[in-house]
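Dumped run32.cif below, it's mmCIF, C-alpha atoms:
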data_entry
#
loop_
_atom_site.label_atom_id
_atom_site.label_comp_id
_atom_site.auth_asym_id
_atom_site.auth_seq_id
_atom_site.Cartn_x
_atom_site.Cartn_y
_atom_site.Cartn_z
CA MET A 1 -17.50 -87.07 -0.05
CA LEU A 2 -16.36 -84.42 2.40
CA SER A 3 -13.26 -82.27 2.33
CA ILE A 4 -11.87 -81.95 5.87
CA LEU A 5 -8.98 -79.92 7.31
CA ILE A 6 -7.70 -80.75 10.81
CA THR A 7 -4.93 -79.00 12.75
CA ARG A 8 -3.11 -81.04 15.41
CA PRO A 9 -0.21 -79.16 16.99
CA ARG A 10 1.83 -80.94 19.66
CA TYR A 11 4.35 -79.07 21.79
CA GLU A 12 3.33 -79.28 25.48
CA PRO A 13 1.06 -81.48 27.64
CA ALA A 14 -2.35 -80.08 26.69
CA THR A 15 -1.66 -80.21 22.94
CA HIS A 16 -0.05 -83.64 23.44
CA TYR A 17 -3.45 -84.92 24.63
CA LEU A 18 -5.40 -83.10 21.91
CA TYR A 19 -2.98 -84.43 19.28
CA HIS A 20 -3.58 -88.05 20.22
CA TRP A 21 -7.32 -87.74 20.76
CA SER A 22 -7.86 -85.90 17.48
CA ALA A 23 -6.02 -88.74 15.70
CA LEU A 24 -9.23 -90.70 16.32
CA ILE A 25 -11.15 -88.07 14.35
CA VAL A 26 -8.61 -88.27 11.51
CA GLU A 27 -8.96 -92.06 11.54
CA ALA A 28 -12.77 -91.84 11.35
CA ALA A 29 -12.64 -89.20 8.64
CA ASP A 30 -10.11 -91.03 6.51
CA ASN A 31 -12.54 -93.68 5.30
CA GLY A 32 -11.49 -93.73 1.66
CA GLU A 33 -14.33 -91.45 0.59
CA ASN A 34 -13.40 -88.18 2.28
CA LYS A 35 -10.49 -85.94 1.44
CA VAL A 36 -8.61 -85.36 4.71
CA PHE A 37 -5.86 -82.77 5.19
CA ASP A 38 -4.15 -83.56 8.48
CA LEU A 39 -1.89 -80.67 9.55
CA GLU A 40 -0.03 -82.24 12.44
CA LYS A 41 2.76 -80.81 14.61
CA GLU A 42 4.96 -78.38 12.61
CA LYS A 43 2.55 -78.55 9.68
CA ALA A 44 -0.04 -76.78 11.86
CA ASN A 45 1.28 -73.34 10.92
CA ARG A 46 -0.44 -70.24 9.58
CA LYS A 47 1.06 -70.45 6.11
CA ASN A 48 -0.23 -73.99 5.60
CA VAL A 49 -3.67 -73.30 7.08
CA GLU A 50 -4.22 -70.23 4.93
CA SER A 51 -2.99 -72.07 1.84
CA TYR A 52 -5.26 -75.09 2.42
CA LEU A 53 -8.27 -72.86 3.13
CA VAL A 54 -7.75 -70.93 -0.11
CA LYS A 55 -6.71 -73.76 -2.44
CA ARG A 56 -8.55 -76.80 -1.08
CA THR A 57 -11.70 -75.04 0.20
CA PRO A 58 -12.51 -77.67 2.86
CA GLU A 59 -16.13 -78.00 3.98
CA ILE A 60 -15.21 -78.92 7.55
CA VAL A 61 -12.35 -77.37 9.52
CA ILE A 62 -11.40 -78.74 12.94
CA PHE A 63 -8.83 -76.86 15.00
CA ASN A 64 -7.19 -78.33 18.09
CA GLY A 65 -4.91 -76.31 20.33
CA HIS A 66 -4.72 -73.20 22.40
CA GLY A 67 -6.92 -70.22 21.82
CA ASN A 68 -8.32 -67.07 23.27
CA GLN A 69 -11.19 -64.70 22.52
CA TYR A 70 -9.45 -63.35 19.44
CA SER A 71 -7.32 -66.12 17.99
CA MET A 72 -6.78 -69.81 17.41
CA ALA A 73 -3.23 -71.13 17.68
CA GLY A 74 -1.25 -73.91 16.03
CA GLN A 75 2.22 -75.36 16.59
CA ASP A 76 4.25 -73.52 19.26
CA GLY A 77 1.37 -71.13 19.82
CA GLU A 78 1.54 -69.51 16.38
CA ASP A 79 -1.71 -67.74 15.56
CA LEU A 80 -3.51 -69.53 12.73
CA ILE A 81 -6.76 -67.57 12.63
CA VAL A 82 -7.05 -64.09 14.13
CA ALA A 83 -10.11 -61.86 14.41
CA GLY A 84 -9.70 -58.85 12.13
CA GLN A 85 -7.01 -60.57 10.05
CA ASN A 86 -7.97 -63.79 8.28
CA ALA A 87 -11.26 -65.08 9.75
CA ASP A 88 -12.85 -64.53 6.33
CA LEU A 89 -10.92 -67.54 5.01
CA LEU A 90 -13.43 -69.77 6.82
CA LYS A 91 -16.32 -68.51 4.71
CA GLY A 92 -18.65 -71.39 3.81
CA CYS A 93 -16.99 -73.80 6.27
CA VAL A 94 -18.34 -75.74 9.21
CA VAL A 95 -15.81 -74.88 11.94
CA TYR A 96 -14.99 -76.55 15.26
CA MET A 97 -12.39 -74.93 17.51
CA ARG A 98 -11.40 -77.17 20.41
CA ALA A 99 -9.66 -74.40 22.28
CA CYS A 100 -10.17 -71.91 25.06
CA SER A 101 -12.54 -68.98 24.63
CA ALA A 102 -12.54 -68.78 20.80
CA GLY A 103 -16.34 -68.87 20.82
CA LYS A 104 -16.55 -65.52 22.56
CA ILE A 105 -15.39 -63.09 19.86
CA LEU A 106 -13.51 -64.98 17.11
CA GLY A 107 -16.37 -67.45 16.55
CA ILE A 108 -18.88 -64.63 16.21
CA GLU A 109 -16.66 -62.87 13.67
CA ILE A 110 -16.15 -66.12 11.73
CA MET A 111 -19.93 -66.43 11.45
CA LYS A 112 -20.39 -62.79 10.45
CA LEU A 113 -17.85 -63.34 7.67
CA GLY A 114 -19.85 -66.19 6.18
CA ALA A 115 -18.97 -69.49 7.85
CA LYS A 116 -21.75 -72.06 7.67
CA SER A 117 -21.57 -72.87 11.38
CA PHE A 118 -19.22 -72.69 14.34
CA ILE A 119 -18.78 -74.78 17.46
CA GLY A 120 -16.41 -73.69 20.22
CA TYR A 121 -16.21 -72.51 23.80
CA ARG A 122 -16.95 -69.04 25.21
CA GLU A 123 -14.64 -69.54 28.18
CA PRO A 124 -11.42 -71.49 28.89
CA PHE A 125 -11.67 -75.22 28.22
CA HIS A 126 -11.00 -77.15 31.42
CA PHE A 127 -9.61 -80.65 31.58
CA TYR A 128 -8.01 -82.85 34.16
CA LYS A 129 -5.22 -85.26 33.38
CA THR A 130 -3.15 -87.70 35.35
CA GLU A 131 0.14 -86.15 36.28
CA LYS A 132 3.04 -87.74 34.35
CA MET A 133 2.01 -91.38 34.51
CA TYR A 134 -0.20 -91.32 31.42
CA PHE A 135 1.87 -88.97 29.29
CA HIS A 136 2.77 -91.86 26.98
CA ARG A 137 -0.79 -93.23 26.97
CA PRO A 138 -3.08 -90.19 26.81
CA LEU A 139 -5.97 -92.23 25.41
CA GLU A 140 -5.98 -94.36 28.57
CA ASP A 141 -5.98 -91.52 31.08
CA ASP A 142 -9.09 -91.93 33.28
CA TYR A 143 -9.05 -88.29 34.34
CA ALA A 144 -8.75 -86.87 30.81
CA TYR A 145 -11.05 -89.15 28.82
CA PRO A 146 -14.39 -87.61 29.96
CA PHE A 147 -13.32 -84.23 28.52
CA LEU A 148 -11.73 -85.53 25.37
CA GLU A 149 -14.37 -88.13 24.56
CA THR A 150 -17.07 -85.46 24.96
CA SER A 151 -15.30 -82.91 22.76
CA ASN A 152 -14.10 -85.55 20.28
CA GLN A 153 -17.73 -86.36 19.58
CA VAL A 154 -18.19 -82.95 17.94
CA GLY A 155 -15.48 -83.80 15.40
CA LEU A 156 -16.59 -87.42 14.96
CA SER A 157 -20.16 -86.36 14.20
CA LEU A 158 -19.05 -83.63 11.79
CA VAL A 159 -16.80 -85.98 9.76
CA LYS A 160 -19.74 -88.37 9.48
CA GLY A 161 -21.59 -85.58 7.69
CA LYS A 162 -23.85 -84.52 10.54
CA THR A 163 -24.84 -80.88 10.95
CA ALA A 164 -23.19 -78.64 13.53
CA LYS A 165 -26.43 -78.63 15.52
CA ASP A 166 -26.47 -82.45 15.64
CA ALA A 167 -22.74 -82.62 16.41
CA ASP A 168 -23.24 -80.20 19.29
CA GLU A 169 -26.16 -82.24 20.61
CA ASP A 170 -24.25 -85.54 20.18
CA SER A 171 -21.39 -84.25 22.30
CA ARG A 172 -23.83 -83.11 24.99
CA LYS A 173 -25.38 -86.60 24.99
CA VAL A 174 -21.95 -88.19 25.39
CA CYS A 175 -21.26 -85.81 28.26
CA ARG A 176 -24.55 -86.65 29.98
CA ASN A 177 -23.86 -90.38 29.61
CA ILE A 178 -20.37 -90.02 31.06
CA ILE A 179 -21.72 -87.99 34.00
CA SER A 180 -24.41 -90.62 34.64
CA ARG A 181 -21.77 -93.36 34.58
CA LEU A 182 -19.53 -91.44 36.96
CA LEU A 183 -22.37 -90.68 39.37
CA THR A 184 -23.60 -94.27 39.51
CA SER A 185 -20.28 -95.99 39.99
CA ASN A 186 -17.50 -95.93 42.53
CA ALA A 187 -15.17 -94.43 39.94
CA SER A 188 -12.27 -92.45 41.35
CA ASN A 189 -12.65 -89.81 38.66
CA SER A 190 -16.10 -88.43 39.54
CA PHE A 191 -14.38 -85.25 40.78
CA VAL A 192 -14.14 -84.20 37.11
CA ILE A 193 -17.92 -83.65 36.80
CA PRO A 194 -17.97 -79.91 37.68
CA ALA A 195 -15.30 -79.19 35.06
CA LEU A 196 -17.26 -81.20 32.47
CA LEU A 197 -20.37 -79.17 33.26
CA TRP A 198 -18.31 -75.98 32.92
CA ASN A 199 -17.21 -76.94 29.38
CA MET A 200 -20.74 -77.93 28.36
CA HIS A 201 -22.20 -74.74 29.77
CA HIS A 202 -19.79 -72.68 27.69
CA GLN A 203 -19.92 -74.79 24.51
CA VAL A 204 -21.56 -72.72 21.76
CA CYS A 205 -22.99 -73.67 18.40
CA TYR A 206 -23.64 -70.80 15.99
CA LYS A 207 -25.47 -71.46 12.74
CA MET B 1 -29.36 -64.39 58.52
CA PRO B 2 -25.62 -64.29 57.75
CA ASP B 3 -24.38 -61.31 55.77
CA GLN B 4 -23.07 -61.55 52.20
CA LYS B 5 -19.44 -61.87 53.31
CA GLU B 6 -20.25 -64.85 55.56
CA ILE B 7 -22.28 -66.50 52.80
CA ASN B 8 -19.32 -66.14 50.44
CA MET B 9 -16.97 -67.69 52.98
CA GLU B 10 -19.41 -70.55 53.51
CA ILE B 11 -19.44 -71.19 49.79
CA ILE B 12 -15.67 -70.99 49.57
CA ASN B 13 -15.28 -73.40 52.47
CA LEU B 14 -17.79 -75.82 50.94
CA ILE B 15 -15.97 -75.72 47.62
CA VAL B 16 -12.56 -76.11 49.21
CA ALA B 17 -13.86 -79.18 51.06
CA ARG B 18 -15.05 -80.61 47.73
CA LEU B 19 -11.74 -79.78 46.03
CA LYS B 20 -9.85 -81.68 48.71
CA THR B 21 -11.28 -84.88 47.20
CA ILE B 22 -9.27 -84.32 43.99
CA PRO B 23 -6.56 -87.00 43.89
CA SER B 24 -2.97 -85.86 44.31
CA ASP B 25 -1.99 -87.30 40.91
CA ALA B 26 -4.54 -85.16 39.03
CA SER B 27 -3.73 -81.85 37.39
CA LEU B 28 -6.12 -79.38 35.84
CA SER B 29 -5.29 -77.69 32.54
CA ILE B 30 -6.82 -74.29 31.94
CA GLY B 31 -5.78 -71.90 29.23
CA GLY B 32 -2.78 -71.63 27.07
CA ASP B 33 0.38 -72.10 29.04
CA GLU B 34 2.16 -74.52 31.28
CA GLN B 35 1.64 -72.28 34.33
CA ASN B 36 -2.07 -72.99 34.06
CA THR B 37 -1.63 -76.68 34.83
CA MET B 38 -2.61 -76.92 38.47
CA THR B 39 -2.49 -79.48 41.23
CA GLN B 40 -5.16 -79.78 43.92
CA GLU B 41 -3.16 -77.41 46.15
CA ASP B 42 -2.86 -74.80 43.37
CA ILE B 43 -6.59 -75.02 42.64
CA ILE B 44 -7.51 -74.50 46.29
CA LYS B 45 -5.12 -71.52 46.48
CA GLU B 46 -6.79 -69.92 43.44
CA VAL B 47 -10.23 -70.45 44.97
CA ARG B 48 -9.23 -68.97 48.32
CA GLU B 49 -7.72 -65.94 46.54
CA GLN B 50 -10.81 -65.70 44.31
CA SER B 51 -8.58 -65.12 41.29
CA VAL B 52 -9.99 -65.26 37.74
CA ILE B 53 -9.25 -68.99 37.58
CA GLY B 54 -10.46 -69.45 41.14
CA LYS B 55 -13.80 -67.91 40.22
CA GLN B 56 -14.10 -70.27 37.25
CA ILE B 57 -13.54 -73.21 39.58
CA ILE B 58 -16.13 -71.84 42.02
CA GLU B 59 -18.62 -71.39 39.19
CA SER B 60 -18.04 -74.92 37.89
CA GLN B 61 -18.57 -76.38 41.36
CA LEU B 62 -21.75 -74.33 41.73
CA PHE B 63 -23.03 -75.69 38.37
CA PHE B 64 -22.69 -79.16 39.83
CA LEU B 65 -24.28 -78.33 43.16
CA ARG B 66 -27.16 -76.51 41.47
CA SER B 67 -27.75 -79.48 39.17
CA LEU B 68 -28.43 -81.60 42.26
CA LYS B 69 -31.51 -79.54 43.05
CA ASP B 70 -33.32 -81.48 40.31
CA LEU B 71 -33.06 -84.71 42.27
CA PRO B 72 -36.37 -86.02 43.66
CA VAL B 73 -37.10 -85.05 47.27
CA GLU B 74 -38.58 -88.49 47.97
CA ILE B 75 -37.38 -91.77 46.51
CA ASN B 76 -40.80 -92.47 45.01
CA ALA B 77 -41.32 -88.91 43.77
#

Representation of the structure as structure tokens:
Amino acid sequence: MLSILITRPRYEPATHYLYHWSALIVEAADNGENKVFDLEKEKANRKNVESYLVKRTPEIVIFNGHGNQYSMAGQDGEDLIVAGQNADLLKGCVVYMRACSAGKILGIEIMKLGAKSFIGYREPFHFYKTEKMYFHRPLEDDYAYPFLETSNQVGLSLVKGKTAKDADEDSRKVCRNIISRLLTSNASNSFVIPALLWNMHHQVCYK
Amino acid sequence: MPDQKEINMEIINLIVARLKTIPSDASLSIGGDEQNTMTQEDIIKEVREQSVIGKQIIESQLFFLRSLKDLPVEINA
């Protein structure tokens, strides 16, 4: 049995997509055996995150949302984890931050303060989406799925109990498969490949 | 041999030509605010200006182009 904390803010287009795609991770995690704490929308605030980290001591923590080198944000851009403030709360956890740039400084600090492992991105996370048309069906957006399926695999592998190293490798395999499919078909979304390669190049796994 | 400036412009022109294949209904999200959601036109503007985001786009396109060097030279190779 695993104890899993997931943050899923939703307040603008990018988090709207992450919110819906990370629901698939919640669904996979919530298999009756694991304990899943799903902090969605307004619940993805600093007070809740700190409280769950202290009281529930989750083994796996998956953040979705906006980030930068120093912090990981929740609902309405509120900082949830900030370097030099509360990164120590992730001690002993396997952490995935699906956010821009958090792997550059924050991820390193999280590891120094005792996290078991960390997966994130050293640079901004790029993703294409279809303008407007797919806002109500983000899981069916042909431009967005290569990015979100690839990054979702990190979370899906972690909630299945795989190590961070394996989760990182699994997501890279998914990415390679998607790129192969795009290159060998007449798909209209093959223009996304450079951005996929950018994300993979900057995906880090510290352990 | 062309000088560095010409090489850079060649690269920019190559990348802009590639970016022109991005469909008009696609937008690229980068970073943490709504202003960083860009259409094909916005992306090309950033690349031409060689802004921070423009340089990221250039780098990502170069990743792709460099990855093609691993293709076999001959079909039976």

Neighbour list for Thr39 of chain B as JSON, numbers by chain, cut-off 7 Å, all atoms listed in the file, skip fewer than 4 positions in-chain: {"B": [26, 27, 28, 43]}

Residue among B:Val16, B:Ile30, B:Ile11, B:Ile44 lying closest to Phe127 of chain A, counting all atoms listed in the file: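 Of all the options, B:Ile30 lies closest to Phe127 of chain A.
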
d(atom CA of Asp142 of chain A, atom CA of Gln75 of chain A) in Å: 26.1 Å

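Interatomic distance, atom CA of Ile119 of chain A against atom CA of Gly107 of chain A: 7.8 Å.
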
Once the PyMOL selection byres ((chain B) within 9 of (chain A)) has been applied to the shown file, what residues remain in the selection, as a short mmCIF file (atom, residue, chain, number, x, y, z; two decimals) with C-alpha atoms, in the frame of the given file?
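Written file, part-v3.cif:
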data_model
loop_
_atom_site.label_atom_id
_atom_site.label_comp_id
_atom_site.auth_asym_id
_atom_site.auth_seq_id
_atom_site.Cartn_x
_atom_site.Cartn_y
_atom_site.Cartn_z
CA ARG B 18 -15.05 -80.61 47.73
CA LEU B 19 -11.74 -79.78 46.03
CA THR B 21 -11.28 -84.88 47.20
CA ILE B 22 -9.27 -84.32 43.99
CA PRO B 23 -6.56 -87.00 43.89
CA SER B 24 -2.97 -85.86 44.31
CA ASP B 25 -1.99 -87.30 40.91
CA ALA B 26 -4.54 -85.16 39.03
CA SER B 27 -3.73 -81.85 37.39
CA LEU B 28 -6.12 -79.38 35.84
CA SER B 29 -5.29 -77.69 32.54
CA ILE B 30 -6.82 -74.29 31.94
CA GLY B 31 -5.78 -71.90 29.23
CA GLY B 32 -2.78 -71.63 27.07
CA ASP B 33 0.38 -72.10 29.04
CA GLU B 34 2.16 -74.52 31.28
CA THR B 37 -1.63 -76.68 34.83
CA THR B 39 -2.49 -79.48 41.23
CA GLN B 56 -14.10 -70.27 37.25
CA ILE B 57 -13.54 -73.21 39.58
CA GLU B 59 -18.62 -71.39 39.19
CA SER B 60 -18.04 -74.92 37.89
CA GLN B 61 -18.57 -76.38 41.36
CA LEU B 62 -21.75 -74.33 41.73
CA PHE B 63 -23.03 -75.69 38.37
CA PHE B 64 -22.69 -79.16 39.83
CA LEU B 65 -24.28 -78.33 43.16
#

Polymer residues at most 8 Å from Arg98 of chain A, only C-alpha atoms, same-chain spacing of 4 or more positions, as a ChimeraX atom specification: /A:62-65,120-121,151

At a cut-off of 7 Å, using only C-alpha atoms, what residues contact segment 5-10 of chain A? Leave out same-chain residues fewer than 5 positions from it and give the result as a list of chain:residue names. A:Thr15, A:His16, A:Tyr19, A:Val36, A:Phe37, A:Asp38, A:Leu39, A:Glu40, A:Lys41, A:Glu42, A:Ala44, A:Pro58, A:Ile60, A:Val61, A:Ile62, A:Phe63, A:Asn64, A:Gly65, A:Gly74, A:Gln75

Translate the PyMOL selection byres ((chain A and resi 57) around 12), as applied to the file shown, into an explicit residue set as a PyMOL selection string. chain A and resi 2-5+35-37+49-56+58-61+89-94+115

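Going from atom CA of Ser171 of chain A over to atom CA of Tyr17 of chain A, you cover 18.1 Å.
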
For the structure provided, state which residues fall under the PyMOL selection byres ((chain A and resi 160-163) around 9), and present them as a PyMOL selection string. chain A and resi 1-2+28-29+94+117+155-159+164-168

I'd like the contact shell of Ala83 of chain A - 9 Å cut-off, all atoms listed in the file, skipping same-chain residues fewer than 2 positions apart - returned as a PyMOL selection string. chain A and resi 69-71+81+85-88+105-107+109-110

Here is a test: counting all atoms listed in the file, which residue of A:Gln153, A:Glu140, A:Lys116, A:Lys43 is nearest to Ile25 of chain A?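 Among the listed residues, the smallest separation from Ile25 of chain A belongs to A:Gln153.
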
Give me the box for segment 103-122 of chain A as JSON, namely the centre and edge lengths in Å to one decimal of a box along x, y and z that holds every listed atom plus 3 Å on each side.
{"center_x": -17.6, "center_y": -68.8, "center_z": 15.7, "size_x": 14.2, "size_y": 18.0, "size_z": 25.0}
